[in-house]
Amino acid sequence: MDFATLMKTRWSCRGYRPDEVPEEMLTRVLATAQRTGSWCNVQPWHVRLLRGEATRWLARELTAHVSSHPDAADQTPDLELPGTYAGVHLERRREAGYALYRSLGIERTDHAARAAAMLDNYSFFGAPVALIVTVERSQGAYAAADCGAFVANLMNAALDEGLGTIAQGALGVYAGKVRELLEIPEHEAVLCGVALGYPDEEHPSNGFRTERASLSDIVTEVRR
Ligand SMILES: Cc1cc2nc3c(=O)[nH]c(=O)nc-3n(C[C@H](O)[C@H](O)[C@H](O)COP(=O)(O)O)c2cc1C
């Protein structure tokens, strides 16, 4: 697929078939993502790769933990979580959520169903592969930005192989538990997860696509 077509058709997949992903395919995806540029070529990302039974084990542990610790006070992020959204950013955030709930047939006021949909993050939406992306804690915001570029490239490389993916900040929200389960040392901060596998095209959560603001909303040309 050419790159522009890939970007026009890319989407976040929230329902997967159980089929395992061939190891060579995963290696190609990771090797492509590894070409990501970073500040001074530091490559501050590190990936915990879980497949098959390991993914299912982590999914069971995290789902049990988050179900029994659902409150904001139970969250253990390593990195500062997003602050307040206002104006267009709040509107875009809401619209993305509503599009998902519409696709799942969930009423906006049905908080229990919304919480259940959120919980699906912790079973990686049924994906056979889970990647946990960490960043060196001491390296600050630019290293996190480098890791974001790595995650985007990884997801696009996977799409190019016919796979589905989704970045999961939800894993960063419970970073403390993720680090405990995977024995990740303190000097690494959990940035996010990535679920990866073959998309279940029929899954209701995959039945919508998001919009984007126009370029005039995001580009301001500076003239002198
Ligand atoms: C860093 C990052 C974290 C994300 N975390 C989550 C998440 O925890 N759960 C989720 O359902 N989607 C998550 N998403 C997916 C976004 O909601 C999605 O990219 C956005 O709504 C645009 O939709 P699209 O990717 O289908 O174009 C995340 C995306 C990014 C880039």
# chains A, B, ... in the order shown; residues from 1 in each chain; ligands from 1
>>> residues_around(residues="Glu180 in chain A", least_positions_apart="5", cutoff="12 Å", atoms="only C-alpha atoms", output="PyMOL selection string")
chain A and resi 58+61-62+65+76+174-175+185-186+188-190
>>> residues_near_ligand(ligand="ligand 1", cutoff="6 Å", atoms="only C-alpha atoms and all ligand atoms", output="JSON, numbers by chain")
{"A": [11, 12, 96, 121, 166, 167, 168, 169, 170, 209, 210]}
>>> residues_around(residues="Arg212 in chain A", least_positions_apart="3", cutoff="10 Å", atoms="only C-alpha atoms", output="list in words")
Arg92, Leu215 and Asp217 of chain A
>>> residues_around(residues="range 130-141 of chain A", least_positions_apart="2", cutoff="9 Å", atoms="only C-alpha atoms", output="JSON, numbers by chain")
{"A": [44, 45, 46, 47, 48, 49, 50, 51, 54, 55, 58, 78, 79, 124, 127, 128, 143, 144, 145, 146, 147, 151, 171, 172, 178, 184, 186, 187, 188, 189, 190, 191, 192, 193, 194, 195, 196, 197]}
>>> write_last_selection(atoms="N, CA and C atoms", output="mmCIF file, in the first residue's frame")
data_model
loop_
_atom_site.group_PDB
_atom_site.id
_atom_site.type_symbol
_atom_site.label_atom_id
_atom_site.label_comp_id
_atom_site.auth_asym_id
_atom_site.auth_seq_id
_atom_site.Cartn_x
_atom_site.Cartn_y
_atom_site.Cartn_z
ATOM 1 N N PRO A 44 14.686 5.938 22.908
ATOM 2 C CA PRO A 44 14.363 5.740 24.332
ATOM 3 C C PRO A 44 13.256 4.731 24.591
ATOM 4 N N TRP A 45 12.678 4.132 23.557
ATOM 5 C CA TRP A 45 11.583 3.176 23.737
ATOM 6 C C TRP A 45 12.101 1.793 24.093
ATOM 7 N N HIS A 46 11.270 1.040 24.814
ATOM 8 C CA HIS A 46 11.515 -0.377 25.060
ATOM 9 C C HIS A 46 10.154 -1.060 24.984
ATOM 10 N N VAL A 47 10.132 -2.254 24.416
ATOM 11 C CA VAL A 47 8.858 -2.938 24.189
ATOM 12 C C VAL A 47 8.846 -4.274 24.921
ATOM 13 N N ARG A 48 7.798 -4.524 25.731
ATOM 14 C CA ARG A 48 7.540 -5.877 26.226
ATOM 15 C C ARG A 48 6.549 -6.486 25.252
ATOM 16 N N LEU A 49 6.936 -7.605 24.649
ATOM 17 C CA LEU A 49 6.108 -8.266 23.637
ATOM 18 C C LEU A 49 5.453 -9.498 24.258
ATOM 19 N N LEU A 50 4.139 -9.546 24.189
ATOM 20 C CA LEU A 50 3.405 -10.707 24.720
ATOM 21 C C LEU A 50 2.587 -11.311 23.603
ATOM 22 N N ARG A 51 2.630 -12.633 23.509
ATOM 23 C CA ARG A 51 1.880 -13.342 22.462
ATOM 24 C C ARG A 51 1.112 -14.488 23.095
ATOM 25 N N ALA A 54 0.688 -15.644 26.941
ATOM 26 C CA ALA A 54 1.193 -14.518 27.753
ATOM 27 C C ALA A 54 0.226 -13.331 27.668
ATOM 28 N N THR A 55 -0.307 -13.065 26.476
ATOM 29 C CA THR A 55 -1.283 -11.974 26.324
ATOM 30 C C THR A 55 -2.532 -12.278 27.141
ATOM 31 N N LEU A 58 -1.889 -11.730 30.860
ATOM 32 C CA LEU A 58 -1.876 -10.311 31.253
ATOM 33 C C LEU A 58 -3.298 -9.733 31.199
ATOM 34 N N ASP A 78 2.542 6.305 35.506
ATOM 35 C CA ASP A 78 3.939 6.717 35.674
ATOM 36 C C ASP A 78 4.128 8.143 35.157
ATOM 37 N N LEU A 79 3.355 8.491 34.131
ATOM 38 C CA LEU A 79 3.493 9.809 33.491
ATOM 39 C C LEU A 79 2.232 10.620 33.771
ATOM 40 N N PHE A 124 -7.103 -6.253 25.854
ATOM 41 C CA PHE A 124 -6.510 -5.921 24.555
ATOM 42 C C PHE A 124 -7.509 -6.179 23.420
ATOM 43 N N ALA A 127 -7.117 -9.120 21.183
ATOM 44 C CA ALA A 127 -5.962 -9.279 20.272
ATOM 45 C C ALA A 127 -5.014 -10.351 20.812
ATOM 46 N N PRO A 128 -4.379 -11.122 19.929
ATOM 47 C CA PRO A 128 -3.444 -12.152 20.392
ATOM 48 C C PRO A 128 -2.074 -11.594 20.785
ATOM 49 N N ALA A 143 11.511 12.487 25.012
ATOM 50 C CA ALA A 143 11.651 11.028 24.866
ATOM 51 C C ALA A 143 10.272 10.383 24.698
ATOM 52 N N ALA A 144 9.270 10.910 25.429
ATOM 53 C CA ALA A 144 7.905 10.381 25.272
ATOM 54 C C ALA A 144 7.406 10.656 23.856
ATOM 55 N N ALA A 145 7.760 11.845 23.318
ATOM 56 C CA ALA A 145 7.367 12.160 21.933
ATOM 57 C C ALA A 145 8.042 11.191 20.959
ATOM 58 N N ASP A 146 9.316 10.882 21.197
ATOM 59 C CA ASP A 146 10.018 9.896 20.350
ATOM 60 C C ASP A 146 9.282 8.555 20.385
ATOM 61 N N CYS A 147 8.854 8.165 21.573
ATOM 62 C CA CYS A 147 8.152 6.877 21.714
ATOM 63 C C CYS A 147 6.810 6.917 20.992
ATOM 64 N N VAL A 151 5.545 4.330 18.200
ATOM 65 C CA VAL A 151 4.255 3.624 18.256
ATOM 66 C C VAL A 151 3.484 3.838 16.947
ATOM 67 N N LEU A 171 -3.420 1.511 29.288
ATOM 68 C CA LEU A 171 -2.413 0.707 29.987
ATOM 69 C C LEU A 171 -1.508 1.588 30.838
ATOM 70 N N GLY A 172 -1.254 2.819 30.347
ATOM 71 C CA GLY A 172 -0.445 3.767 31.112
ATOM 72 C C GLY A 172 -1.156 4.245 32.358
ATOM 73 N N VAL A 178 0.923 -2.686 35.801
ATOM 74 C CA VAL A 178 1.586 -3.280 34.627
ATOM 75 C C VAL A 178 3.060 -3.544 34.953
ATOM 76 N N ILE A 184 8.838 -4.734 35.473
ATOM 77 C CA ILE A 184 9.515 -3.636 34.767
ATOM 78 C C ILE A 184 10.158 -2.731 35.819
ATOM 79 N N GLU A 186 11.849 0.382 37.918
ATOM 80 C CA GLU A 186 11.363 1.728 38.248
ATOM 81 C C GLU A 186 11.849 2.794 37.247
ATOM 82 N N HIS A 187 13.041 2.603 36.663
ATOM 83 C CA HIS A 187 13.578 3.653 35.786
ATOM 84 C C HIS A 187 12.881 3.697 34.426
ATOM 85 N N GLU A 188 12.019 2.701 34.159
ATOM 86 C CA GLU A 188 11.212 2.744 32.934
ATOM 87 C C GLU A 188 9.794 3.162 33.298
ATOM 88 N N ALA A 189 9.233 4.083 32.532
ATOM 89 C CA ALA A 189 7.843 4.492 32.735
ATOM 90 C C ALA A 189 6.987 3.850 31.644
ATOM 91 N N VAL A 190 5.828 3.319 32.032
ATOM 92 C CA VAL A 190 4.920 2.724 31.044
ATOM 93 C C VAL A 190 4.183 3.854 30.336
ATOM 94 N N LEU A 191 4.396 3.940 29.024
ATOM 95 C CA LEU A 191 3.755 4.992 28.227
ATOM 96 C C LEU A 191 2.371 4.547 27.769
ATOM 97 N N CYS A 192 2.309 3.389 27.111
ATOM 98 C CA CYS A 192 1.026 2.908 26.589
ATOM 99 C C CYS A 192 1.167 1.437 26.200
ATOM 100 N N GLY A 193 0.049 0.845 25.856
ATOM 101 C CA GLY A 193 0.049 -0.479 25.266
ATOM 102 C C GLY A 193 -0.294 -0.360 23.797
ATOM 103 N N VAL A 194 -0.052 -1.423 23.060
ATOM 104 C CA VAL A 194 -0.538 -1.525 21.678
ATOM 105 C C VAL A 194 -1.106 -2.941 21.530
ATOM 106 N N ALA A 195 -2.376 -3.034 21.150
ATOM 107 C CA ALA A 195 -2.966 -4.333 20.817
ATOM 108 C C ALA A 195 -2.776 -4.545 19.321
ATOM 109 N N LEU A 196 -2.513 -5.787 18.937
ATOM 110 C CA LEU A 196 -2.188 -6.068 17.528
ATOM 111 C C LEU A 196 -2.675 -7.457 17.144
ATOM 112 N N GLY A 197 -3.278 -7.554 15.972
ATOM 113 C CA GLY A 197 -3.739 -8.847 15.482
ATOM 114 C C GLY A 197 -4.558 -8.664 14.221
#
>>> residues_around(residues="range 31-40 of chain A", least_positions_apart="3", cutoff="7 Å", atoms="only C-alpha atoms", output="ChimeraX atom specification")
/A:27-28,43,146,149-150,153-154,157
>>> select_by_dssp(residues="range 106-176 of chain A", states="alpha helix (DSSP H)", output="ChimeraX atom specification")
/A:111-119,140-160,169-173,175-176
>>> write_last_selection(atoms="N, CA and C atoms", output="short mmCIF file (atom, residue, chain, number, x, y, z; two decimals), in the first residue's frame")
data_model
loop_
_atom_site.label_atom_id
_atom_site.label_comp_id
_atom_site.auth_asym_id
_atom_site.auth_seq_id
_atom_site.Cartn_x
_atom_site.Cartn_y
_atom_site.Cartn_z
N HIS A 111 -23.83 4.49 31.89
CA HIS A 111 -22.45 4.53 32.40
C HIS A 111 -21.88 3.14 32.65
N ALA A 112 -22.75 2.19 33.01
CA ALA A 112 -22.25 0.82 33.25
C ALA A 112 -21.74 0.21 31.95
N ALA A 113 -22.50 0.42 30.86
CA ALA A 113 -22.07 -0.14 29.57
C ALA A 113 -20.81 0.57 29.06
N ARG A 114 -20.73 1.87 29.34
CA ARG A 114 -19.53 2.61 28.93
C ARG A 114 -18.30 2.10 29.70
N ALA A 115 -18.49 1.83 31.00
CA ALA A 115 -17.38 1.31 31.81
C ALA A 115 -16.95 -0.07 31.31
N ALA A 116 -17.95 -0.88 30.92
CA ALA A 116 -17.63 -2.23 30.41
C ALA A 116 -16.84 -2.13 29.11
N ALA A 117 -17.22 -1.17 28.25
CA ALA A 117 -16.49 -0.98 26.99
C ALA A 117 -15.06 -0.54 27.27
N MET A 118 -14.90 0.32 28.27
CA MET A 118 -13.56 0.80 28.66
C MET A 118 -12.71 -0.37 29.17
N LEU A 119 -13.37 -1.26 29.92
CA LEU A 119 -12.65 -2.41 30.50
C LEU A 119 -12.06 -3.31 29.41
N GLY A 140 12.18 12.62 30.11
CA GLY A 140 11.23 13.72 29.94
C GLY A 140 10.40 13.68 28.67
N ALA A 141 9.80 14.83 28.38
CA ALA A 141 8.74 14.92 27.37
C ALA A 141 9.22 14.57 25.96
N TYR A 142 10.43 14.95 25.60
CA TYR A 142 10.87 14.68 24.22
C TYR A 142 11.08 13.19 23.99
N ALA A 143 11.51 12.49 25.01
CA ALA A 143 11.65 11.03 24.87
C ALA A 143 10.27 10.38 24.70
N ALA A 144 9.27 10.91 25.43
CA ALA A 144 7.91 10.38 25.27
C ALA A 144 7.41 10.66 23.86
N ALA A 145 7.76 11.84 23.32
CA ALA A 145 7.37 12.16 21.93
C ALA A 145 8.04 11.19 20.96
N ASP A 146 9.32 10.88 21.20
CA ASP A 146 10.02 9.90 20.35
C ASP A 146 9.28 8.55 20.38
N CYS A 147 8.85 8.17 21.57
CA CYS A 147 8.15 6.88 21.71
C CYS A 147 6.81 6.92 20.99
N GLY A 148 6.16 8.09 20.99
CA GLY A 148 4.90 8.23 20.26
C GLY A 148 5.12 8.01 18.77
N ALA A 149 6.23 8.55 18.26
CA ALA A 149 6.55 8.35 16.84
C ALA A 149 6.81 6.87 16.57
N PHE A 150 7.51 6.22 17.49
CA PHE A 150 7.78 4.77 17.36
C PHE A 150 6.46 3.99 17.30
N VAL A 151 5.54 4.33 18.20
CA VAL A 151 4.26 3.62 18.26
C VAL A 151 3.48 3.84 16.95
N ALA A 152 3.48 5.07 16.44
CA ALA A 152 2.75 5.36 15.19
C ALA A 152 3.36 4.56 14.03
N ASN A 153 4.68 4.54 13.97
CA ASN A 153 5.33 3.80 12.88
C ASN A 153 5.06 2.30 13.00
N LEU A 154 5.07 1.82 14.23
CA LEU A 154 4.80 0.39 14.45
C LEU A 154 3.38 0.06 13.98
N MET A 155 2.43 0.91 14.33
CA MET A 155 1.05 0.63 13.95
C MET A 155 0.88 0.71 12.43
N ASN A 156 1.52 1.67 11.80
CA ASN A 156 1.40 1.78 10.34
C ASN A 156 2.08 0.60 9.64
N ALA A 157 3.22 0.16 10.18
CA ALA A 157 3.91 -1.01 9.61
C ALA A 157 3.01 -2.24 9.73
N ALA A 158 2.31 -2.36 10.85
CA ALA A 158 1.40 -3.50 11.05
C ALA A 158 0.23 -3.44 10.07
N LEU A 159 -0.33 -2.24 9.90
CA LEU A 159 -1.43 -2.09 8.94
C LEU A 159 -0.99 -2.51 7.54
N ASP A 160 0.24 -2.15 7.20
CA ASP A 160 0.77 -2.49 5.89
C ASP A 160 0.87 -4.00 5.68
N GLY A 169 -3.54 4.15 25.73
CA GLY A 169 -3.14 4.92 26.89
C GLY A 169 -3.70 4.31 28.17
N ALA A 170 -4.79 3.55 28.03
CA ALA A 170 -5.43 2.90 29.19
C ALA A 170 -4.42 2.06 29.98
N LEU A 171 -3.42 1.51 29.29
CA LEU A 171 -2.41 0.71 29.99
C LEU A 171 -1.51 1.59 30.84
N GLY A 172 -1.25 2.82 30.35
CA GLY A 172 -0.45 3.77 31.11
C GLY A 172 -1.16 4.25 32.36
N VAL A 173 -2.49 4.25 32.32
CA VAL A 173 -3.27 4.69 33.48
C VAL A 173 -3.02 3.76 34.68
N ALA A 175 -0.17 1.98 35.09
CA ALA A 175 1.25 1.66 34.89
C ALA A 175 1.84 0.88 36.08
N GLY A 176 1.48 1.27 37.30
CA GLY A 176 2.04 0.63 38.49
C GLY A 176 1.77 -0.87 38.47
#
>>> residues_around(residues="Glu201 in chain A", least_positions_apart="6", cutoff="9 Å", atoms="only C-alpha atoms", output="PyMOL selection string")
chain A and resi 13+15-17+207
>>> closest_residue(among="A:Arg14, A:Asp110, A:Ala4, A:Ala64", to="Thr165 in chain A", atoms="only C-alpha atoms")
A:Arg14
>>> select_by_dssp(residues="range 12-203 of chain A", states="strand (DSSP E or B)", output="ChimeraX atom specification")
/A:16,45-51,129-136,164-168,188-197,199
>>> atom_distance(atom1="CA of Val21 in chain A", atom2="CA of Tyr198 in chain A")
7.6 Å
>>> residues_around(residues="Arg102 in chain A", least_positions_apart="4", cutoff="10 Å", atoms="only C-alpha atoms", output="number ranges by chain")
A: 97-98, 106-108, 204-205, 207-208
>>> write_last_selection(atoms="all heavy atoms", output="CSV table (one decimal), in the first residue's frame")
chain,number,residue,atom,x,y,z
A,97,GLY,N,-15.7,9.4,21.3
A,97,GLY,CA,-16.3,8.5,22.2
A,97,GLY,C,-17.7,8.2,21.8
A,97,GLY,O,-18.1,7.0,21.8
A,98,TYR,N,-18.5,9.2,21.4
A,98,TYR,CA,-19.9,9.0,21.0
A,98,TYR,C,-19.9,8.1,19.7
A,98,TYR,O,-20.8,7.2,19.6
A,98,TYR,CB,-20.6,10.3,20.7
A,98,TYR,CG,-20.8,11.2,21.9
A,98,TYR,CD1,-21.0,12.5,21.8
A,98,TYR,CD2,-20.9,10.6,23.2
A,98,TYR,CE1,-21.2,13.3,22.9
A,98,TYR,CE2,-21.0,11.4,24.3
A,98,TYR,CZ,-21.2,12.8,24.2
A,98,TYR,OH,-21.4,13.6,25.3
A,106,ILE,N,-24.5,1.7,22.5
A,106,ILE,CA,-24.5,2.1,24.0
A,106,ILE,C,-25.1,3.5,24.1
A,106,ILE,O,-24.6,4.4,23.4
A,106,ILE,CB,-23.1,2.0,24.6
A,106,ILE,CG1,-22.6,0.6,24.6
A,106,ILE,CG2,-23.1,2.6,26.0
A,106,ILE,CD1,-21.1,0.5,25.0
A,107,GLU,N,-26.1,3.7,24.9
A,107,GLU,CA,-26.7,5.0,25.2
A,107,GLU,C,-25.6,5.9,25.9
A,107,GLU,O,-24.9,5.3,26.8
A,107,GLU,CB,-27.9,4.9,26.1
A,107,GLU,CG,-29.1,4.2,25.4
A,107,GLU,CD,-29.7,5.0,24.3
A,107,GLU,OE1,-29.7,6.3,24.4
A,107,GLU,OE2,-30.2,4.4,23.4
A,108,ARG,N,-25.6,7.2,25.6
A,108,ARG,CA,-24.6,8.0,26.3
A,108,ARG,C,-24.8,8.0,27.8
A,108,ARG,O,-23.8,8.2,28.5
A,108,ARG,CB,-24.8,9.5,25.8
A,108,ARG,CG,-24.3,9.7,24.4
A,108,ARG,CD,-24.5,11.1,24.0
A,108,ARG,NE,-24.4,11.2,22.6
A,108,ARG,CZ,-24.5,12.4,21.9
A,108,ARG,NH1,-24.7,13.5,22.5
A,108,ARG,NH2,-24.4,12.4,20.6
A,204,PRO,N,-18.8,-5.0,16.2
A,204,PRO,CA,-19.5,-3.7,16.2
A,204,PRO,C,-18.6,-2.5,16.5
A,204,PRO,O,-18.8,-1.4,16.0
A,204,PRO,CB,-20.6,-3.8,17.2
A,204,PRO,CG,-20.5,-5.1,17.8
A,204,PRO,CD,-19.5,-6.0,17.1
A,205,SER,N,-17.5,-2.7,17.3
A,205,SER,CA,-16.7,-1.5,17.7
A,205,SER,C,-15.8,-1.1,16.5
A,205,SER,O,-15.1,-0.1,16.5
A,205,SER,CB,-15.8,-1.9,18.9
A,205,SER,OG,-14.9,-2.9,18.6
A,207,GLY,N,-17.1,-0.7,13.5
A,207,GLY,CA,-18.0,-0.2,12.5
A,207,GLY,C,-18.1,1.3,12.3
A,207,GLY,O,-19.1,1.8,11.8
A,208,PHE,N,-17.1,2.0,12.7
A,208,PHE,CA,-17.1,3.4,12.5
A,208,PHE,C,-15.6,3.9,12.2
A,208,PHE,O,-14.7,3.2,12.5
A,208,PHE,CB,-17.6,4.2,13.7
A,208,PHE,CG,-16.6,4.2,14.9
A,208,PHE,CD1,-15.9,5.4,15.1
A,208,PHE,CD2,-16.4,3.1,15.7
A,208,PHE,CE1,-15.0,5.4,16.2
A,208,PHE,CE2,-15.5,3.2,16.7
A,208,PHE,CZ,-14.8,4.3,17.0
>>> decode(residues="range 34-45 of chain A", atoms="all heavy atoms", output="short mmCIF file (atom, residue, chain, number, x, y, z; two decimals), in the first residue's frame")
data_model
loop_
_atom_site.label_atom_id
_atom_site.label_comp_id
_atom_site.auth_asym_id
_atom_site.auth_seq_id
_atom_site.Cartn_x
_atom_site.Cartn_y
_atom_site.Cartn_z
N GLN A 34 11.54 0.21 14.29
CA GLN A 34 12.84 0.51 14.90
C GLN A 34 13.63 1.54 14.09
O GLN A 34 14.57 2.14 14.58
CB GLN A 34 13.62 -0.81 15.10
CG GLN A 34 14.96 -0.71 15.76
CD GLN A 34 14.93 -0.02 17.13
OE1 GLN A 34 13.88 0.20 17.71
NE2 GLN A 34 16.09 0.36 17.61
N ARG A 35 13.20 1.82 12.84
CA ARG A 35 13.86 2.85 12.02
C ARG A 35 13.42 4.26 12.43
O ARG A 35 13.89 5.25 11.87
CB ARG A 35 13.53 2.62 10.53
CG ARG A 35 14.12 1.35 9.94
CD ARG A 35 15.64 1.37 9.93
NE ARG A 35 16.16 2.57 9.29
CZ ARG A 35 17.35 3.11 9.53
NH1 ARG A 35 18.16 2.55 10.41
NH2 ARG A 35 17.75 4.19 8.89
N THR A 36 12.52 4.37 13.38
CA THR A 36 12.03 5.68 13.84
C THR A 36 13.18 6.56 14.32
O THR A 36 14.08 6.09 15.03
CB THR A 36 11.01 5.48 15.00
OG1 THR A 36 9.95 4.67 14.52
CG2 THR A 36 10.48 6.81 15.50
N GLY A 37 13.14 7.81 13.91
CA GLY A 37 14.14 8.76 14.39
C GLY A 37 13.80 9.22 15.81
O GLY A 37 12.64 9.19 16.22
N SER A 38 14.82 9.64 16.54
CA SER A 38 14.59 10.13 17.91
C SER A 38 15.66 11.18 18.24
O SER A 38 16.68 11.26 17.55
CB SER A 38 14.66 8.97 18.90
OG SER A 38 15.89 8.28 18.79
N TRP A 39 15.41 11.89 19.29
CA TRP A 39 16.33 12.96 19.73
C TRP A 39 17.74 12.36 19.89
O TRP A 39 17.93 11.46 20.72
CB TRP A 39 15.82 13.55 21.05
CG TRP A 39 16.56 14.77 21.52
CD1 TRP A 39 17.90 14.87 21.78
CD2 TRP A 39 16.00 16.06 21.80
NE1 TRP A 39 18.22 16.13 22.19
CE2 TRP A 39 17.06 16.89 22.22
CE3 TRP A 39 14.72 16.59 21.74
CZ2 TRP A 39 16.87 18.23 22.59
CZ3 TRP A 39 14.53 17.91 22.11
CH2 TRP A 39 15.59 18.72 22.52
N CYS A 40 18.70 12.85 19.10
CA CYS A 40 20.10 12.36 19.14
C CYS A 40 20.20 10.84 18.95
O CYS A 40 21.15 10.22 19.41
CB CYS A 40 20.80 12.75 20.44
SG CYS A 40 21.01 14.51 20.63
N ASN A 41 19.20 10.27 18.30
CA ASN A 41 19.17 8.82 18.04
C ASN A 41 19.24 7.97 19.32
O ASN A 41 19.79 6.86 19.32
CB ASN A 41 20.29 8.40 17.08
CG ASN A 41 20.01 7.06 16.40
OD1 ASN A 41 18.85 6.65 16.27
ND2 ASN A 41 21.04 6.36 16.02
N VAL A 42 18.69 8.52 20.39
CA VAL A 42 18.74 7.83 21.69
C VAL A 42 17.88 6.55 21.70
O VAL A 42 18.17 5.60 22.42
CB VAL A 42 18.30 8.83 22.79
CG1 VAL A 42 17.90 8.13 24.07
CG2 VAL A 42 19.44 9.82 23.06
N GLN A 43 16.79 6.56 20.90
CA GLN A 43 15.87 5.40 20.85
C GLN A 43 15.40 5.03 22.26
O GLN A 43 15.68 3.92 22.74
CB GLN A 43 16.55 4.21 20.16
CG GLN A 43 17.08 4.55 18.77
CD GLN A 43 18.17 3.61 18.29
OE1 GLN A 43 17.93 2.43 18.11
NE2 GLN A 43 19.37 4.16 18.10
N PRO A 44 14.69 5.94 22.91
CA PRO A 44 14.36 5.74 24.33
C PRO A 44 13.26 4.73 24.59
O PRO A 44 12.92 4.47 25.74
CB PRO A 44 13.91 7.14 24.77
CG PRO A 44 13.32 7.74 23.54
CD PRO A 44 14.15 7.22 22.39
N TRP A 45 12.68 4.13 23.56
CA TRP A 45 11.58 3.18 23.74
C TRP A 45 12.10 1.79 24.09
O TRP A 45 13.22 1.40 23.74
CB TRP A 45 10.76 3.09 22.44
CG TRP A 45 11.60 2.93 21.21
CD1 TRP A 45 12.16 1.78 20.73
CD2 TRP A 45 11.99 3.97 20.31
NE1 TRP A 45 12.87 2.05 19.58
CE2 TRP A 45 12.78 3.38 19.30
CE3 TRP A 45 11.73 5.35 20.25
CZ2 TRP A 45 13.33 4.12 18.24
CZ3 TRP A 45 12.29 6.07 19.20
CH2 TRP A 45 13.08 5.46 18.21
#
